[in-house]
Each structure stands twice: as C-alpha cells, then as structure tokens.
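Reproduced below: entry-v6.txt, with compact mmCIF, C-alpha atoms.
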```
# COMPACT_ATOMS: atom_id res chain seq x y z
CA MET A 261 111.24 101.26 55.31
CA ASN A 262 111.22 100.72 51.58
CA GLU A 263 108.90 98.37 49.71
CA ARG A 264 110.73 95.07 50.16
CA PRO A 265 111.25 95.27 53.96
CA LEU A 266 107.62 96.37 54.39
CA VAL A 267 106.36 93.36 52.44
CA VAL A 268 108.65 91.04 54.40
CA ALA A 269 107.57 92.52 57.74
CA GLY A 270 103.91 92.44 56.69
CA ALA A 271 104.11 88.81 55.56
CA ILE A 272 105.94 87.71 58.72
CA ASN A 273 103.33 89.49 60.84
CA MET A 274 100.54 87.77 58.90
CA PHE A 275 102.26 84.43 59.54
CA ILE A 276 102.44 85.25 63.26
CA ALA A 277 98.82 86.45 63.33
CA VAL A 278 97.55 83.26 61.68
CA GLY A 279 99.61 81.16 64.08
CA CYS A 280 98.41 83.14 67.09
CA GLY A 281 94.83 82.92 65.87
CA ALA A 282 95.05 79.14 65.59
CA PHE A 283 96.83 78.88 68.93
CA GLY A 284 94.13 80.99 70.57
CA ALA A 285 91.31 79.01 69.00
CA HIS A 286 92.74 75.60 69.84
CA GLY A 287 95.54 75.81 72.40
CA LEU A 288 94.28 78.55 74.68
CA LYS A 289 90.56 77.85 74.55
CA LYS A 290 90.59 75.81 77.76
CA MET A 291 93.35 77.79 79.45
CA LEU A 292 92.04 81.36 79.26
CA SER A 293 88.82 82.92 80.43
CA GLU A 294 86.33 84.12 77.84
CA ASP A 295 87.40 87.71 78.51
CA MET A 296 91.08 86.95 77.99
CA LEU A 297 90.30 84.97 74.82
CA ALA A 298 88.50 88.06 73.53
CA VAL A 299 91.61 90.13 74.32
CA TRP A 300 93.74 87.58 72.44
CA HIS A 301 91.35 87.72 69.48
CA THR A 302 91.55 91.53 69.41
CA ALA A 303 95.36 91.32 69.30
CA VAL A 304 95.22 88.83 66.41
CA THR A 305 92.68 90.92 64.48
CA TYR A 306 94.65 94.16 64.74
CA GLN A 307 97.92 92.42 63.94
CA ALA A 308 96.44 90.87 60.80
CA MET A 309 94.78 94.11 59.67
CA HIS A 310 97.94 96.11 60.04
CA ALA A 311 100.20 93.43 58.55
CA LEU A 312 98.03 93.70 55.44
CA GLY A 313 98.19 97.47 55.83
CA MET A 314 101.98 97.30 55.69
CA ILE A 315 101.79 95.31 52.46
CA ALA A 316 99.32 97.87 51.07
CA VAL A 317 101.69 100.69 52.01
CA ALA A 318 104.51 98.86 50.20
CA LEU A 319 102.34 98.62 47.10
CA LEU A 320 101.42 102.31 47.34
CA LEU A 321 105.00 103.55 47.88
CA PRO A 322 105.92 103.59 44.17
CA ARG A 323 102.81 105.64 43.39
CA PHE A 324 102.66 108.04 46.33
CA GLY A 325 106.16 107.49 47.75
CA GLY A 326 107.81 109.81 50.15
CA ALA A 327 108.77 109.91 53.78
CA MET A 328 105.18 110.06 55.06
CA MET A 329 104.25 106.76 53.44
CA ARG A 330 107.39 105.12 54.81
CA TRP A 331 106.56 106.52 58.25
CA ALA A 332 103.09 104.99 57.91
CA GLY A 333 104.59 101.54 57.40
CA ASN A 334 106.95 101.99 60.33
CA LEU A 335 104.11 103.17 62.57
CA MET A 336 102.02 100.15 61.62
CA LEU A 337 104.86 97.87 62.66
CA ALA A 338 105.35 99.79 65.91
CA GLY A 339 101.60 99.63 66.52
CA ILE A 340 101.60 95.86 66.06
CA VAL A 341 104.43 95.43 68.54
CA ILE A 342 102.94 97.76 71.14
CA PHE A 343 99.18 97.21 70.68
CA SER A 344 99.00 93.53 69.82
CA GLY A 345 102.09 92.66 71.86
CA SER A 346 100.68 94.20 75.02
CA LEU A 347 97.35 92.45 74.50
CA TYR A 348 99.01 89.06 73.91
CA LEU A 349 100.97 89.53 77.14
CA LEU A 350 97.87 90.71 79.00
CA ALA A 351 95.92 87.64 77.89
CA LEU A 352 98.72 85.24 78.82
CA THR A 353 99.79 86.79 82.11
CA GLY A 354 96.72 88.66 83.33
CA THR A 355 98.96 91.65 84.13
CA ARG A 356 96.45 94.47 83.79
CA VAL A 357 99.09 97.22 83.81
CA LEU A 358 100.01 96.12 80.28
CA GLY A 359 96.68 97.55 79.16
CA ALA A 360 98.06 100.99 79.94
CA ILE A 361 100.50 100.87 77.00
CA THR A 362 98.01 99.43 74.52
CA PRO A 363 96.64 102.89 73.56
CA ILE A 364 100.13 103.95 72.47
CA GLY A 365 100.00 101.24 69.84
CA GLY A 366 96.49 102.31 68.90
CA ALA A 367 97.70 105.88 68.45
CA ALA A 368 100.48 104.58 66.17
CA PHE A 369 97.84 102.81 64.05
CA LEU A 370 95.75 105.98 63.82
CA ALA A 371 98.74 108.12 62.89
CA ALA A 372 99.79 105.58 60.26
CA TRP A 373 96.41 105.68 58.54
CA LEU A 374 96.36 109.48 58.61
CA LEU A 375 99.77 109.49 56.94
CA VAL A 376 98.53 107.09 54.25
CA ALA A 377 95.55 109.36 53.60
CA TRP A 378 97.71 112.50 53.56
CA SER A 379 100.26 110.90 51.21
CA ALA A 380 97.51 109.84 48.82
CA TYR A 381 95.91 113.29 49.00
CA LYS A 382 99.21 115.03 48.30
CA GLY A 383 99.84 112.61 45.43
CA MET A 384 96.48 113.47 43.85
CA ARG A 385 97.41 117.12 43.24
```
With the file now loaded, output its structure as structure tokens.
Amino acid sequence: MNERPLVVAGAINMFIAVGCGAFGAHGLKKMLSEDMLAVWHTAVTYQAMHALGMIAVALLLPRFGGAMMRWAGNLMLAGIVIFSGSLYLLALTGTRVLGAITPIGGAAFLAAWLLVAWSAYKGMR
C-alpha cells in the first residue's frame, strides 16, 4: 500500500477501535464476563496501536520507502483483522477455537515492526 491508502486504512481502523472501545465500556459491560471484557479490551488496544502504526508507516514511506515498509503496513492491517478480529469474535461468541488463530495476527504485528526497523536501518546507511 502507498501512503494515502495506509492513512485511510489507519484512520478507519482508529474509528472502529474507538467505537469498539466505547461499545465495550458501555454496551457490553453487563453482557460479558470480566474475562471476556478483558479480551475485548485487548482487541481494541492492539487495533488502535496498529492503526496508528499504519499511519506512522505512511508518514515514514517518503523517507525510507521501499517494498519492506509497504509490507509492514500491509502486515499491520492483516494483524488487525486476524488478531483483533479473532478476539472480538471470541469475546462475543465465547468460541475458544478462535483463540488458535490469534497468534497468526500477533506474528503479523511482530513481522511488521521488524520490517519498519529494517527499513529505517537500511535507510540510515
């Protein structure tokens, strides 16, 4: 993804994260157990962090550019869908098997941040 789509995707994901955070704090408080509310909160936190990460990647692209930085943005988006998405579904449905795919999203987040670091390192030479 180039800068503009990354900013758009990051901003939309921040919008969703804020909405989900408010929904969890107010709408789900009496419907979910404390454990499932904590799962919901984790999903919101990671979605927000990586939505901002996508915007940061978009801002860094002109400076450090390249395929690795674009891959980082794409992996952050994939991580949000897989990590946060599976946790949202787990909290709402209680389907524990969804927790099995959550680490795939976490691995996407880790890979994304390594690519950001590597792109910046390569750009410093």
| field | 8 Å contact set for segment 352-360 of chain A, only C-alpha atoms, chain neighbours under 5 positions out, as a list in words | value | Leu292, Met296, Ser346 and Leu347 of chain A
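Across A:Ala318, A:Val299, A:Leu370, A:Val267, the tightest approach to Gly281 of chain A is made by A:Val299 when counting all atoms listed in the file.
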| Ref. answer, residues at most 8 Å from (95.8, 85.8, 65.4) with all atoms listed in the file, as JSON, numbers by chain | {"A": [276, 277, 278, 279, 280, 281, 282, 283, 284, 300, 301, 303, 304, 305, 307, 308]}
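Of the residues listed (A:Thr362, A:Ala371, A:Ser379, A:Met291), A:Thr362 shows the shortest atom-to-atom separation from Leu349 of chain A; distances use all atoms listed in the file.
These residues, each with an atom at most 10 Å from (101.2, 92.9, 58.1) using all atoms listed in the file, are Leu266, Val267, Val268, Ala269, Gly270, Ala271, Ile272, Asn273, Met274, Phe275, Ile276, Ala277, Tyr306, Gln307, Ala308, Met309, His310, Ala311, Leu312, Gly313, Met314, Ile315, Ala316, Val317, Gly333, Met336, Leu337 and Ile340 of chain A.
Distances here use all atoms listed in the file; by that measure, the residue among A:Leu321, A:Leu335, A:Ala298, A:Leu374 closest to Leu350 of chain A is A:Ala298.
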| message | Taking 4 positions as the minimum chain separation for residues in the same chain, which residues sit within 8 Å of Val376 of chain A when counting all atoms listed in the file? Answer as a list in words. | response | Val317, Met328, Met329, Ala332, Ala372 and Ala380 of chain A
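Going from atom CA of Gly339 of chain A to atom CA of Ala367 of chain A covers 7.6 Å.
Atom to atom, atom CA of Leu297 of chain A and atom CA of Ala351 of chain A stand 6.9 Å apart.
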Contacts of Arg330 of chain A within 7 Å, all atoms listed in the file, excl. fewer than 4 positions in-chain, as an mmCIF file with C-alpha atoms, in the coordinates of the input:
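This went into selection-v1.cif:
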```cif
data_model
loop_
_atom_site.group_PDB
_atom_site.id
_atom_site.type_symbol
_atom_site.label_atom_id
_atom_site.label_comp_id
_atom_site.auth_asym_id
_atom_site.auth_seq_id
_atom_site.Cartn_x
_atom_site.Cartn_y
_atom_site.Cartn_z
ATOM 1 C CA MET A 261 111.240 101.260 55.310
ATOM 2 C CA ASN A 262 111.220 100.720 51.580
ATOM 3 C CA GLY A 326 107.810 109.810 50.150
ATOM 4 C CA ASN A 334 106.950 101.990 60.330
#
```
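Atom to atom, atom CA of Arg323 of chain A and atom CA of Ala377 of chain A stand 13.1 Å apart.
The shortest atom-to-atom distance to Ile364 of chain A, with all atoms listed in the file taken into account, belongs to A:Phe343 out of A:Phe324, A:Phe343, A:Trp331, A:Tyr348.
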